[in-house]
$ cat model_17.pdb   # PDB, C-alpha atoms and all ligand atoms
ATOM      1  CA  MET L   1      23.945 -33.387  -3.951
ATOM      2  CA  LYS L   2      22.034 -34.427  -7.074
ATOM      3  CA  CYS L   3      18.351 -35.200  -7.580
ATOM      4  CA  VAL L   4      17.798 -38.974  -7.407
ATOM      5  CA  ARG L   5      15.330 -38.751 -10.274
ATOM      6  CA  CYS L   6      16.806 -36.448 -12.916
ATOM      7  CA  LYS L   7      20.374 -35.755 -11.623
ATOM      8  CA  ALA L   8      19.820 -31.981 -11.619
ATOM      9  CA  LYS L   9      21.017 -30.052  -8.562
ATOM     10  CA  ALA L  10      18.989 -31.141  -5.533
ATOM     11  CA  GLU L  11      17.115 -28.457  -3.584
ATOM     12  CA  VAL L  12      16.001 -30.690  -0.753
ATOM     13  CA  HIS L  13      17.610 -33.596   1.039
ATOM     14  CA  LEU L  14      15.445 -36.110   2.917
ATOM     15  CA  ARG L  15      17.691 -37.814   5.452
ATOM     16  CA  ALA L  16      15.042 -40.375   6.380
ATOM     17  CA  HIS L  17      15.057 -41.629   2.777
ATOM     18  CA  ASN L  18      18.672 -40.724   2.038
ATOM     19  CA  ALA L  19      17.499 -38.978  -1.139
ATOM     20  CA  GLY L  20      17.819 -35.544  -2.729
ATOM     21  CA  PHE L  21      15.308 -33.945  -5.106
ATOM     22  CA  CYS L  22      15.144 -30.936  -7.401
ATOM     23  CA  ARG L  23      11.965 -28.849  -7.125
ATOM     24  CA  PRO L  24       9.815 -30.469  -9.861
ATOM     25  CA  CYS L  25      10.846 -33.979  -8.846
ATOM     26  CA  TYR L  26      10.170 -33.229  -5.171
ATOM     27  CA  LEU L  27       6.643 -31.982  -5.910
ATOM     28  CA  GLY L  28       6.036 -35.140  -7.945
ATOM     29  CA  TYR L  29       7.482 -37.339  -5.189
ATOM     30  CA  PHE L  30       5.231 -35.742  -2.539
ATOM     31  CA  ARG L  31       2.069 -36.073  -4.627
ATOM     32  CA  ARG L  32       2.902 -39.681  -5.447
ATOM     33  CA  GLN L  33       3.409 -40.511  -1.768
ATOM     34  CA  VAL L  34      -0.045 -39.122  -0.940
ATOM     35  CA  GLU L  35      -1.587 -40.960  -3.898
ATOM     36  CA  ARG L  36       0.025 -44.245  -2.778
ATOM     37  CA  THR L  37      -1.159 -43.856   0.790
ATOM     38  CA  ILE L  38      -4.727 -43.155  -0.346
ATOM     39  CA  ALA L  39      -4.673 -46.283  -2.529
ATOM     40  CA  HIS L  40      -2.853 -48.557  -0.077
ATOM     41  CA  ASP L  41      -5.113 -47.701   2.862
ATOM     42  CA  HIS L  42      -8.305 -47.555   0.735
ATOM     43  CA  MET L  43      -9.036 -44.048   1.983
ATOM     44  CA  PHE L  44     -11.496 -42.943  -0.704
ATOM     45  CA  ARG L  45     -12.501 -43.306  -4.343
ATOM     46  CA  PRO L  46     -12.725 -40.638  -7.053
ATOM     47  CA  ASP L  47     -16.545 -40.675  -6.913
ATOM     48  CA  GLU L  48     -16.642 -39.814  -3.203
ATOM     49  CA  ARG L  49     -17.073 -36.287  -1.825
ATOM     50  CA  ILE L  50     -14.333 -35.218   0.542
ATOM     51  CA  LEU L  51     -14.537 -32.574   3.244
ATOM     52  CA  VAL L  52     -11.025 -31.308   3.995
ATOM     53  CA  ALA L  53     -10.578 -29.714   7.420
ATOM     54  CA  VAL L  54      -8.310 -26.709   6.837
ATOM     55  CA  SER L  55      -6.697 -24.615   9.548
ATOM     56  CA  GLY L  56      -4.809 -22.196   7.285
ATOM     57  CA  GLY L  57      -1.559 -24.001   8.185
ATOM     58  CA  LYS L  58       0.848 -25.802   5.865
ATOM     59  CA  ASP L  59      -0.362 -29.363   6.424
ATOM     60  CA  SER L  60      -4.045 -28.960   5.690
ATOM     61  CA  LEU L  61      -3.495 -26.566   2.764
ATOM     62  CA  ALA L  62      -0.821 -28.850   1.257
ATOM     63  CA  LEU L  63      -3.252 -31.755   1.597
ATOM     64  CA  TRP L  64      -6.056 -29.823  -0.077
ATOM     65  CA  ASP L  65      -3.690 -28.742  -2.876
ATOM     66  CA  VAL L  66      -2.608 -32.342  -3.546
ATOM     67  CA  LEU L  67      -6.170 -33.713  -3.487
ATOM     68  CA  VAL L  68      -7.314 -31.044  -5.946
ATOM     69  CA  GLY L  69      -4.320 -31.831  -8.173
ATOM     70  CA  LEU L  70      -5.236 -35.521  -8.117
ATOM     71  CA  GLY L  71      -8.741 -34.645  -9.308
ATOM     72  CA  TYR L  72     -10.741 -35.449  -6.160
ATOM     73  CA  GLN L  73     -14.034 -33.679  -5.369
ATOM     74  CA  THR L  74     -13.162 -31.571  -2.352
ATOM     75  CA  THR L  75     -14.720 -28.898  -0.158
ATOM     76  CA  GLY L  76     -12.738 -27.145   2.561
ATOM     77  CA  LEU L  77     -13.997 -26.606   6.097
ATOM     78  CA  TYR L  78     -12.526 -23.810   8.185
ATOM     79  CA  LEU L  79     -13.606 -23.658  11.810
ATOM     80  CA  GLY L  80     -12.902 -20.322  13.503
ATOM     81  CA  LEU L  81     -11.745 -21.103  17.037
ATOM     82  CA  GLY L  82     -11.813 -17.509  18.275
ATOM     83  CA  ILE L  83      -8.164 -17.551  19.356
ATOM     84  CA  GLY L  84      -7.482 -13.838  18.804
ATOM     85  CA  GLY L  85      -5.260 -12.646  15.948
ATOM     86  CA  TYR L  86      -4.074 -16.204  15.237
ATOM     87  CA  SER L  87      -7.601 -17.243  14.233
ATOM     88  CA  ASP L  88      -8.076 -14.097  12.109
ATOM     89  CA  ARG L  89      -4.844 -14.696  10.225
ATOM     90  CA  SER L  90      -5.452 -18.425   9.722
ATOM     91  CA  ARG L  91      -8.950 -17.755   8.380
ATOM     92  CA  GLU L  92      -7.534 -15.201   5.907
ATOM     93  CA  ARG L  93      -5.083 -17.816   4.580
ATOM     94  CA  ALA L  94      -7.755 -20.501   4.211
ATOM     95  CA  GLU L  95     -10.094 -18.082   2.422
ATOM     96  CA  ALA L  96      -7.328 -16.752   0.171
ATOM     97  CA  PHE L  97      -6.283 -20.307  -0.788
ATOM     98  CA  ALA L  98      -9.847 -21.312  -1.670
ATOM     99  CA  GLY L  99     -10.584 -17.992  -3.420
ATOM    100  CA  ALA L 100      -7.476 -18.108  -5.636
ATOM    101  CA  ARG L 101      -8.330 -21.627  -6.821
ATOM    102  CA  ASP L 102     -12.095 -21.154  -6.933
ATOM    103  CA  LEU L 103     -12.652 -24.001  -4.449
ATOM    104  CA  PRO L 104     -15.712 -24.329  -2.198
ATOM    105  CA  LEU L 105     -15.011 -23.497   1.458
ATOM    106  CA  VAL L 106     -17.427 -23.824   4.381
ATOM    107  CA  VAL L 107     -16.591 -21.362   7.155
ATOM    108  CA  ARG L 108     -18.028 -21.854  10.634
ATOM    109  CA  SER L 109     -17.065 -19.854  13.664
ATOM    110  CA  LEU L 110     -17.391 -21.055  17.265
ATOM    111  CA  ALA L 111     -18.231 -17.542  18.412
ATOM    112  CA  ASP L 112     -21.316 -17.587  16.143
ATOM    113  CA  GLU L 113     -22.502 -20.997  17.322
ATOM    114  CA  GLY L 114     -23.494 -19.930  20.816
ATOM    115  CA  SER L 115     -22.498 -17.195  23.202
ATOM    116  CA  GLY L 116     -19.041 -17.595  24.657
ATOM    117  CA  LEU L 117     -18.085 -20.694  22.702
ATOM    118  CA  ALA L 118     -14.737 -19.375  21.467
ATOM    119  CA  VAL L 119     -11.925 -21.623  22.736
ATOM    120  CA  PRO L 120     -10.461 -19.160  25.299
ATOM    121  CA  ASP L 121     -13.937 -18.472  26.785
ATOM    122  CA  VAL L 122     -14.816 -22.170  27.104
ATOM    123  CA  ALA L 123     -11.409 -22.968  28.602
ATOM    124  CA  ALA L 124     -11.770 -20.164  31.164
ATOM    125  CA  ALA L 125     -15.371 -21.027  32.090
ATOM    126  CA  THR L 126     -14.737 -24.775  32.472
ATOM    127  CA  ARG L 127     -11.160 -24.526  33.787
ATOM    128  CA  ARG L 128     -10.055 -26.979  31.106
ATOM    129  CA  VAL L 129      -6.789 -26.626  29.227
ATOM    130  CA  PRO L 130      -7.604 -24.852  25.928
ATOM    131  CA  CYS L 131      -6.617 -27.862  23.798
ATOM    132  CA  ALA L 132      -9.090 -30.143  25.583
ATOM    133  CA  ALA L 133     -11.976 -27.727  25.001
ATOM    134  CA  CYS L 134     -10.811 -27.087  21.441
ATOM    135  CA  GLY L 135     -10.517 -30.799  20.590
ATOM    136  CA  ALA L 136     -14.055 -31.602  21.730
ATOM    137  CA  MET L 137     -15.537 -28.691  19.757
ATOM    138  CA  LYS L 138     -13.523 -29.395  16.603
ATOM    139  CA  ARG L 139     -14.615 -33.048  16.606
ATOM    140  CA  HIS L 140     -18.245 -32.020  16.971
ATOM    141  CA  PHE L 141     -18.270 -29.449  14.170
ATOM    142  CA  PHE L 142     -16.199 -31.580  11.794
ATOM    143  CA  ASP L 143     -18.700 -34.434  12.268
ATOM    144  CA  ALA L 144     -21.739 -32.147  12.103
ATOM    145  CA  VAL L 145     -20.663 -30.312   8.927
ATOM    146  CA  ALA L 146     -19.681 -33.596   7.229
ATOM    147  CA  HIS L 147     -23.098 -35.025   8.098
ATOM    148  CA  GLU L 148     -25.078 -31.895   7.088
ATOM    149  CA  GLY L 149     -23.263 -31.650   3.754
ATOM    150  CA  GLN L 150     -23.639 -35.395   3.085
ATOM    151  CA  PHE L 151     -19.933 -35.876   2.535
ATOM    152  CA  ASP L 152     -18.479 -39.385   2.290
ATOM    153  CA  VAL L 153     -15.160 -38.646   3.935
ATOM    154  CA  LEU L 154     -13.524 -36.174   6.301
ATOM    155  CA  ALA L 155      -9.802 -35.670   5.599
ATOM    156  CA  THR L 156      -7.421 -33.992   8.029
ATOM    157  CA  GLY L 157      -3.821 -32.834   7.548
ATOM    158  CA  HIS L 158      -2.224 -34.804  10.419
ATOM    159  CA  ASN L 159       1.359 -35.537   9.397
ATOM    160  CA  LEU L 160       3.950 -38.132  10.447
ATOM    161  CA  ASP L 161       5.237 -35.969  13.313
ATOM    162  CA  ASP L 162       1.703 -35.540  14.712
ATOM    163  CA  GLU L 163       1.005 -39.254  14.497
ATOM    164  CA  ALA L 164       4.398 -40.271  15.939
ATOM    165  CA  ALA L 165       3.935 -37.884  18.902
ATOM    166  CA  ARG L 166       0.423 -39.182  19.510
ATOM    167  CA  LEU L 167       1.631 -42.775  19.277
ATOM    168  CA  LEU L 168       4.484 -42.128  21.704
ATOM    169  CA  GLY L 169       2.063 -40.535  24.189
ATOM    170  CA  ASN L 170      -0.355 -43.454  23.876
ATOM    171  CA  VAL L 171       2.420 -46.031  24.232
ATOM    172  CA  LEU L 172       4.058 -44.340  27.222
ATOM    173  CA  ARG L 173       0.787 -44.679  29.139
ATOM    174  CA  TRP L 174      -0.354 -47.860  27.344
ATOM    175  CA  GLN L 175      -3.681 -46.297  26.519
ATOM    176  CA  ARG L 176      -5.052 -49.359  24.785
ATOM    177  CA  ASP L 177      -8.383 -47.748  23.828
ATOM    178  CA  HIS L 178      -6.553 -44.806  22.228
ATOM    179  CA  LEU L 179      -4.167 -47.157  20.410
ATOM    180  CA  ALA L 180      -7.194 -49.034  19.118
ATOM    181  CA  ARG L 181      -8.480 -45.849  17.476
ATOM    182  CA  GLN L 182      -5.143 -44.532  16.207
ATOM    183  CA  ARG L 183      -5.626 -45.490  12.588
ATOM    184  CA  PRO L 184      -5.168 -43.536   9.342
ATOM    185  CA  VAL L 185      -8.680 -44.619   8.304
ATOM    186  CA  LEU L 186     -11.535 -44.710  10.805
ATOM    187  CA  GLU L 187     -14.704 -46.262   9.474
ATOM    188  CA  PRO L 188     -17.941 -44.704  10.766
ATOM    189  CA  THR L 189     -19.622 -46.397  13.749
ATOM    190  CA  HIS L 190     -22.934 -44.543  13.229
ATOM    191  CA  PRO L 191     -24.910 -43.473  10.114
ATOM    192  CA  LYS L 192     -24.333 -39.810  11.034
ATOM    193  CA  PHE L 193     -20.563 -40.261  11.092
ATOM    194  CA  VAL L 194     -18.401 -40.305   7.964
ATOM    195  CA  ARG L 195     -15.111 -42.092   7.326
ATOM    196  CA  LYS L 196     -12.131 -40.143   8.704
ATOM    197  CA  VAL L 197      -8.791 -40.274   6.945
ATOM    198  CA  LYS L 198      -5.263 -38.843   7.296
ATOM    199  CA  PRO L 199      -3.575 -39.001   3.881
ATOM    200  CA  LEU L 200      -0.376 -37.268   5.118
ATOM    201  CA  TYR L 201       0.291 -39.604   8.039
ATOM    202  CA  LEU L 202       3.493 -40.986   6.521
ATOM    203  CA  LEU L 203       4.875 -37.605   5.387
ATOM    204  CA  SER L 204       6.871 -35.583   7.893
ATOM    205  CA  GLU L 205       6.230 -32.014   8.953
ATOM    206  CA  TYR L 206       9.431 -31.051   7.126
ATOM    207  CA  GLU L 207       8.331 -32.750   3.902
ATOM    208  CA  THR L 208       4.946 -31.020   4.091
ATOM    209  CA  ALA L 209       6.538 -27.648   4.802
ATOM    210  CA  VAL L 210       8.869 -28.060   1.806
ATOM    211  CA  TYR L 211       5.905 -29.015  -0.415
ATOM    212  CA  ALA L 212       3.879 -25.993   0.741
ATOM    213  CA  PHE L 213       6.848 -23.657   0.236
ATOM    214  CA  MET L 214       7.793 -25.042  -3.185
ATOM    215  CA  SER L 215       4.223 -24.881  -4.467
ATOM    216  CA  GLY L 216       3.871 -21.264  -3.346
ATOM    217  CA  ILE L 217       1.099 -21.903  -0.810
ATOM    218  CA  ASP L 218       0.650 -18.905   1.465
ATOM    219  CA  TYR L 219       0.007 -20.496   4.867
ATOM    220  CA  VAL L 220      -0.070 -19.180   8.398
ATOM    221  CA  VAL L 221       3.423 -19.828   9.744
ATOM    222  CA  GLU L 222       2.778 -19.027  13.396
ATOM    223  CA  GLU L 223       1.583 -21.850  15.662
ATOM    224  CA  CYS L 224      -1.545 -21.544  17.753
ATOM    225  CA  PRO L 225      -0.443 -19.709  20.945
ATOM    226  CA  ASN L 226      -1.863 -22.582  23.022
ATOM    227  CA  ALA L 227       0.381 -25.140  21.318
ATOM    228  CA  GLU L 228       3.370 -24.060  23.392
ATOM    229  CA  GLY L 229       2.225 -25.713  26.579
ATOM    230  CA  ALA L 230       1.007 -28.865  24.862
ATOM    231  CA  THR L 231       2.660 -32.148  25.921
ATOM    232  CA  GLN L 232       2.678 -33.157  22.272
ATOM    233  CA  LEU L 233       5.559 -30.732  21.710
ATOM    234  CA  VAL L 234       7.681 -32.541  24.312
ATOM    235  CA  TYR L 235       7.059 -35.818  22.500
ATOM    236  CA  LYS L 236       7.848 -34.177  19.151
ATOM    237  CA  ASP L 237      11.114 -32.865  20.539
ATOM    238  CA  ALA L 238      12.086 -36.313  21.894
ATOM    239  CA  LEU L 239      11.239 -37.911  18.553
ATOM    240  CA  ASN L 240      13.275 -35.310  16.666
ATOM    241  CA  ARG L 241      16.315 -36.237  18.743
ATOM    242  CA  LEU L 242      15.800 -39.908  17.959
ATOM    243  CA  GLU L 243      15.343 -39.021  14.292
ATOM    244  CA  THR L 244      18.623 -37.075  14.230
ATOM    245  CA  ALA L 245      20.479 -40.027  15.762
ATOM    246  CA  SER L 246      18.743 -42.547  13.537
ATOM    247  CA  PRO L 247      17.016 -41.130  10.418
ATOM    248  CA  GLY L 248      13.795 -42.917   9.507
ATOM    249  CA  THR L 249      12.826 -43.698  13.121
ATOM    250  CA  LYS L 250       9.527 -41.777  13.055
ATOM    251  CA  HIS L 251       8.479 -43.327   9.759
ATOM    252  CA  ALA L 252       9.203 -46.870  10.977
ATOM    253  CA  PHE L 253       7.551 -46.213  14.357
ATOM    254  CA  VAL L 254       4.250 -45.101  12.820
ATOM    255  CA  LYS L 255       4.203 -47.283   9.721
ATOM    256  CA  GLU L 256       5.016 -50.514  11.555
ATOM    257  CA  PHE L 257       2.519 -49.723  14.280
ATOM    258  CA  VAL L 258      -0.263 -49.226  11.743
ATOM    259  CA  ARG L 259       0.700 -52.156   9.542
ATOM    260  CA  THR L 260       1.598 -54.773  12.163
ATOM    261  CA  ALA L 261       0.846 -53.847  15.787
ATOM    262  CA  GLN L 262      -2.353 -51.813  15.573
ATOM    263  CA  THR L 263      -4.705 -54.753  15.054
ATOM    264  CA  LEU L 264      -3.536 -56.249  18.375
ATOM    265  CA  PHE L 265      -5.517 -53.495  20.055
ATOM    266  CA  ALA L 266      -8.662 -53.823  17.922
ATOM    267  CA  ASP L 267     -10.691 -55.441  20.719
ATOM    268  CA  ASP L 268     -10.030 -52.459  22.953
ATOM    269  CA  ALA L 269     -12.013 -50.236  20.588
ATOM    270  CA  ALA L 270     -15.236 -51.957  21.532
ATOM    271  CA  ARG L 271     -17.137 -48.969  22.884
ATOM    272  CA  GLY L 272     -20.399 -50.250  21.456
ATOM    273  CA  VAL L 273     -22.560 -48.443  18.943
ATOM    274  CA  PRO L 274     -23.321 -44.842  19.914
ATOM    275  CA  GLY L 275     -26.894 -43.625  20.358
ATOM    276  CA  GLU L 276     -28.002 -40.061  19.516
ATOM    277  CA  CYS L 277     -27.577 -36.917  21.573
ATOM    278  CA  GLN L 278     -30.929 -35.695  22.947
ATOM    279  CA  GLN L 279     -29.808 -32.119  22.395
ATOM    280  CA  CYS L 280     -28.214 -31.951  18.937
ATOM    281  CA  GLY L 281     -29.000 -35.379  17.462
ATOM    282  CA  MET L 282     -25.384 -36.255  16.688
ATOM    283  CA  PRO L 283     -23.975 -39.623  17.844
ATOM    284  CA  ALA L 284     -23.338 -39.857  21.586
ATOM    285  CA  PHE L 285     -22.375 -42.534  24.101
ATOM    286  CA  GLY L 286     -24.500 -40.973  26.861
ATOM    287  CA  ALA L 287     -27.787 -39.042  26.859
ATOM    288  CA  ILE L 288     -26.021 -36.003  25.443
ATOM    289  CA  CYS L 289     -22.802 -35.749  23.426
ATOM    290  CA  SER L 290     -19.589 -34.364  24.861
ATOM    291  CA  PHE L 291     -19.994 -31.098  22.920
ATOM    292  CA  CYS L 292     -23.494 -30.442  24.290
ATOM    293  CA  SER L 293     -22.386 -31.322  27.793
ATOM    294  CA  LEU L 294     -19.528 -28.837  27.422
ATOM    295  CA  VAL L 295     -21.984 -26.147  26.266
ATOM    296  CA  ARG L 296     -24.259 -26.897  29.248
ATOM    297  CA  GLU L 297     -21.319 -26.616  31.601
ATOM    298  CA  VAL L 298     -20.338 -23.226  30.117
ATOM    299  CA  GLU L 299     -23.921 -21.956  30.349
ATOM    300  CA  ALA L 300     -24.315 -23.136  33.942
ATOM    301  CA  LYS L 301     -21.046 -21.514  35.023
ATOM    302  CA  ARG L 302     -21.986 -18.304  33.282
ATOM    303  CA  ALA L 303     -25.452 -18.229  34.844
ATOM    304  CA  ARG L 304     -23.948 -18.781  38.307
ATOM    305  CA  ARG L 305     -21.456 -15.965  37.748
ATOM    306  CA  ALA L 306     -24.187 -13.595  36.535
ATOM    307  CA  ALA L 307     -26.342 -14.445  39.580
ATOM    308  CA  ALA L 308     -23.370 -13.836  41.904
ATOM    309  CA  GLU L 309     -22.682 -10.472  40.253
ATOM    310  CA  LEU L 310     -26.340  -9.464  40.648
ATOM    311  CA  THR L 311     -26.282 -10.391  44.328
ATOM    312  CA  ALA L 312     -23.017  -8.543  44.837
ATOM    313  CA  GLY L 313     -24.360  -5.497  42.952
TER     314      GLY L 313
HETATM  315  S1  LIG V 401      -3.014 -25.906  19.923
HETATM  316 FE1  LIG V 401      -4.767 -26.513  21.176
HETATM  317  S2  LIG V 401      -6.105 -24.694  21.215
HETATM  318 FE2  LIG V 401      -4.642 -24.419  19.530
HETATM  319  S3  LIG V 401      -5.707 -25.205  17.721
HETATM  320 FE3  LIG V 401      -4.493 -26.911  18.556
HETATM  321  S4  LIG V 401      -5.907 -27.985  19.917
HETATM  322 FE4  LIG V 401      -6.798 -25.983  19.517
HETATM  323 ZN    ZN V 402      14.888 -33.890 -10.435
HETATM  324 ZN    ZN V 403     -25.063 -32.982  21.253
END
$ encode --input "model_17.pdb" --output "structure tokens" --more "lines below"
Ligand code: SF4
Ligand SMILES: [Zn+2]
Ligand SMILES: [Zn+2]
Amino acid sequence: MKCVRCKAKAEVHLRAHNAGFCRPCYLGYFRRQVERTIAHDHMFRPDERILVAVSGGKDSLALWDVLVGLGYQTTGLYLGLGIGGYSDRSRERAEAFAGARDLPLVVRSLADEGSGLAVPDVAAATRRVPCAACGAMKRHFFDAVAHEGQFDVLATGHNLDDEAARLLGNVLRWQRDHLARQRPVLEPTHPKFVRKVKPLYLLSEYETAVYAFMSGIDYVVEECPNAEGATQLVYKDALNRLETASPGTKHAFVKEFVRTAQTLFADDAARGVPGECQQCGMPAFGAICSFCSLVREVEAKRARRAAAELTAG
């Protein structure tokens, strides 16, 4: 197969687009797709400061690489989740990426934010599945760091496969409020929130992996050990089968939802304007935010366990 751009030998074939690319043309194609998405969805302007949430994986590092290449003002944010060796290795990759390119990187670690706040400890203390505990804490720290650093935008590396799996899950249960918030650009609903954007939402996991590989990005290849049990993987698997039978399905599913169907759910997003958490001051729909209530729950469980151990001793 030949490259659709320059007719050299193609190194990658994208079935969804029925197109082959050589390495330089593929890198150009990928960057252009991101650039187009940013412009089409009015994600951010060159004068805005962008906080890029990086996990050390291919998606977030590829995103950071492209944004830097396009000349945007970026700072990385790595949040250490305390998930054993996986977290150590992902942090190393994020730090090495930033160090080699002389890019600013904010590193926060859940274990340093309060005793026993690492994801496995919170999950065990609250009997939640790890991903539920992890999601609530990530959202809190992403928002808090973006607010503290006075960034304009928070960008995450969610790709087409992530968004298609999330959309399928939301549609299967007709979660109208979730569908209302499933947008590639979320405008802030409170002065302490920043705009949240997903510039890779129309690029597949495969396309992102090829970009990261071809540009020599050293990313953590292993998945988080908790990902295995996640329902999202079942949806991804189902979507991959549909994609094999009919290339381009995922792209059409997500793109047409965002461009035509999403607004039908806009009214379901009406959660009102959040107030402020009495504990940490970040936006909250109740007296305290979901992160602080999680911390309280962990502390209460731990105190009860310590008291029981004392009595037993
Ligand atoms: S798989 Fe779950 S626990 Fe692991 S990083 Fe993702 S959300 Fe967190
Ligand atoms: Zn070419
Ligand atoms: Zn709070």
$ atom_distance --input "model_17.pdb" --atom1 "CA of Ser90 (chain L)" --atom2 "CA of Val106 (chain L)"
14.2 Å
$ residues_near_ligand --input "model_17.pdb" --ligand "ligand LIG 401 (chain V)" --cutoff "8 Å" --atoms "all atoms listed in the file" --output "list in words"
Leu81, Ile83, Val119, Pro130, Cys131, Ala132, Ala133, Cys134, Gly135, Glu223, Cys224, Pro225, Asn226, Ala227, Glu228 and Ala230 of chain L
$ residues_around --input "model_17.pdb" --residues "region 257-269 of chain L" --least-positions-apart "4" --cutoff "9 Å" --atoms "only C-alpha atoms" --output "PDB file with C-alpha atoms, keeping the file's coordinate frame"
ATOM      1  CA  LEU L 167       1.631 -42.775  19.277  1.00  0.00           C
ATOM      2  CA  ARG L 176      -5.052 -49.359  24.785  1.00  0.00           C
ATOM      3  CA  ASP L 177      -8.383 -47.748  23.828  1.00  0.00           C
ATOM      4  CA  HIS L 178      -6.553 -44.806  22.228  1.00  0.00           C
ATOM      5  CA  LEU L 179      -4.167 -47.157  20.410  1.00  0.00           C
ATOM      6  CA  ALA L 180      -7.194 -49.034  19.118  1.00  0.00           C
ATOM      7  CA  ARG L 181      -8.480 -45.849  17.476  1.00  0.00           C
ATOM      8  CA  GLN L 182      -5.143 -44.532  16.207  1.00  0.00           C
ATOM      9  CA  ARG L 183      -5.626 -45.490  12.588  1.00  0.00           C
ATOM     10  CA  PRO L 184      -5.168 -43.536   9.342  1.00  0.00           C
ATOM     11  CA  ALA L 252       9.203 -46.870  10.977  1.00  0.00           C
ATOM     12  CA  PHE L 253       7.551 -46.213  14.357  1.00  0.00           C
TER      13      PHE L 253
END
$ residues_around --input "model_17.pdb" --residues "Leu79 (chain L)" --least-positions-apart "6" --cutoff "12 Å" --atoms "only C-alpha atoms" --output "PyMOL selection string"
chain L and resi 52-56+87-88+90-92+94-95+105-113+118-119+134-135+137-145
$ write_last_selection --input "model_17.pdb" --atoms "C-alpha atoms" --output "PDB file, keeping the file's coordinate frame"
ATOM      1  CA  VAL L  52     -11.025 -31.308   3.995  1.00  0.00           C
ATOM      2  CA  ALA L  53     -10.578 -29.714   7.420  1.00  0.00           C
ATOM      3  CA  VAL L  54      -8.310 -26.709   6.837  1.00  0.00           C
ATOM      4  CA  SER L  55      -6.697 -24.615   9.548  1.00  0.00           C
ATOM      5  CA  GLY L  56      -4.809 -22.196   7.285  1.00  0.00           C
ATOM      6  CA  SER L  87      -7.601 -17.243  14.233  1.00  0.00           C
ATOM      7  CA  ASP L  88      -8.076 -14.097  12.109  1.00  0.00           C
ATOM      8  CA  SER L  90      -5.452 -18.425   9.722  1.00  0.00           C
ATOM      9  CA  ARG L  91      -8.950 -17.755   8.380  1.00  0.00           C
ATOM     10  CA  GLU L  92      -7.534 -15.201   5.907  1.00  0.00           C
ATOM     11  CA  ALA L  94      -7.755 -20.501   4.211  1.00  0.00           C
ATOM     12  CA  GLU L  95     -10.094 -18.082   2.422  1.00  0.00           C
ATOM     13  CA  LEU L 105     -15.011 -23.497   1.458  1.00  0.00           C
ATOM     14  CA  VAL L 106     -17.427 -23.824   4.381  1.00  0.00           C
ATOM     15  CA  VAL L 107     -16.591 -21.362   7.155  1.00  0.00           C
ATOM     16  CA  ARG L 108     -18.028 -21.854  10.634  1.00  0.00           C
ATOM     17  CA  SER L 109     -17.065 -19.854  13.664  1.00  0.00           C
ATOM     18  CA  LEU L 110     -17.391 -21.055  17.265  1.00  0.00           C
ATOM     19  CA  ALA L 111     -18.231 -17.542  18.412  1.00  0.00           C
ATOM     20  CA  ASP L 112     -21.316 -17.587  16.143  1.00  0.00           C
ATOM     21  CA  GLU L 113     -22.502 -20.997  17.322  1.00  0.00           C
ATOM     22  CA  ALA L 118     -14.737 -19.375  21.467  1.00  0.00           C
ATOM     23  CA  VAL L 119     -11.925 -21.623  22.736  1.00  0.00           C
ATOM     24  CA  CYS L 134     -10.811 -27.087  21.441  1.00  0.00           C
ATOM     25  CA  GLY L 135     -10.517 -30.799  20.590  1.00  0.00           C
ATOM     26  CA  MET L 137     -15.537 -28.691  19.757  1.00  0.00           C
ATOM     27  CA  LYS L 138     -13.523 -29.395  16.603  1.00  0.00           C
ATOM     28  CA  ARG L 139     -14.615 -33.048  16.606  1.00  0.00           C
ATOM     29  CA  HIS L 140     -18.245 -32.020  16.971  1.00  0.00           C
ATOM     30  CA  PHE L 141     -18.270 -29.449  14.170  1.00  0.00           C
ATOM     31  CA  PHE L 142     -16.199 -31.580  11.794  1.00  0.00           C
ATOM     32  CA  ASP L 143     -18.700 -34.434  12.268  1.00  0.00           C
ATOM     33  CA  ALA L 144     -21.739 -32.147  12.103  1.00  0.00           C
ATOM     34  CA  VAL L 145     -20.663 -30.312   8.927  1.00  0.00           C
TER      35      VAL L 145
END
$ residues_near_ligand --input "model_17.pdb" --ligand "ligand ZN 403 (chain V)" --cutoff "10 Å" --atoms "only C-alpha atoms and all ligand atoms" --output "PyMOL selection string"
chain L and resi 140+144+276-284+286-295
$ residues_near_ligand --input "model_17.pdb" --ligand "ligand ZN 402 (chain V)" --cutoff "8 Å" --atoms "only C-alpha atoms and all ligand atoms" --output "list of chain:residue names"
L:Lys2, L:Cys3, L:Val4, L:Arg5, L:Cys6, L:Lys7, L:Ala8, L:Lys9, L:Ala10, L:Phe21, L:Cys22, L:Arg23, L:Pro24, L:Cys25, L:Tyr26
$ resolve_selection --input "model_17.pdb" --expression "the PyMOL selection byres (((chain L and resi 51) around 7) and not hetatm)" --output "list of chain:residue names"
L:Arg49, L:Ile50, L:Val52, L:Ala53, L:Thr74, L:Thr75, L:Gly76, L:Leu77, L:Ala146, L:Phe151, L:Val153, L:Leu154, L:Ala155
$ closest_residue --input "model_17.pdb" --among "L:Gly216, L:Ser115, L:Gly82, L:Ala164" --to "Ala100 (chain L)" --atoms "only C-alpha atoms"
L:Gly216
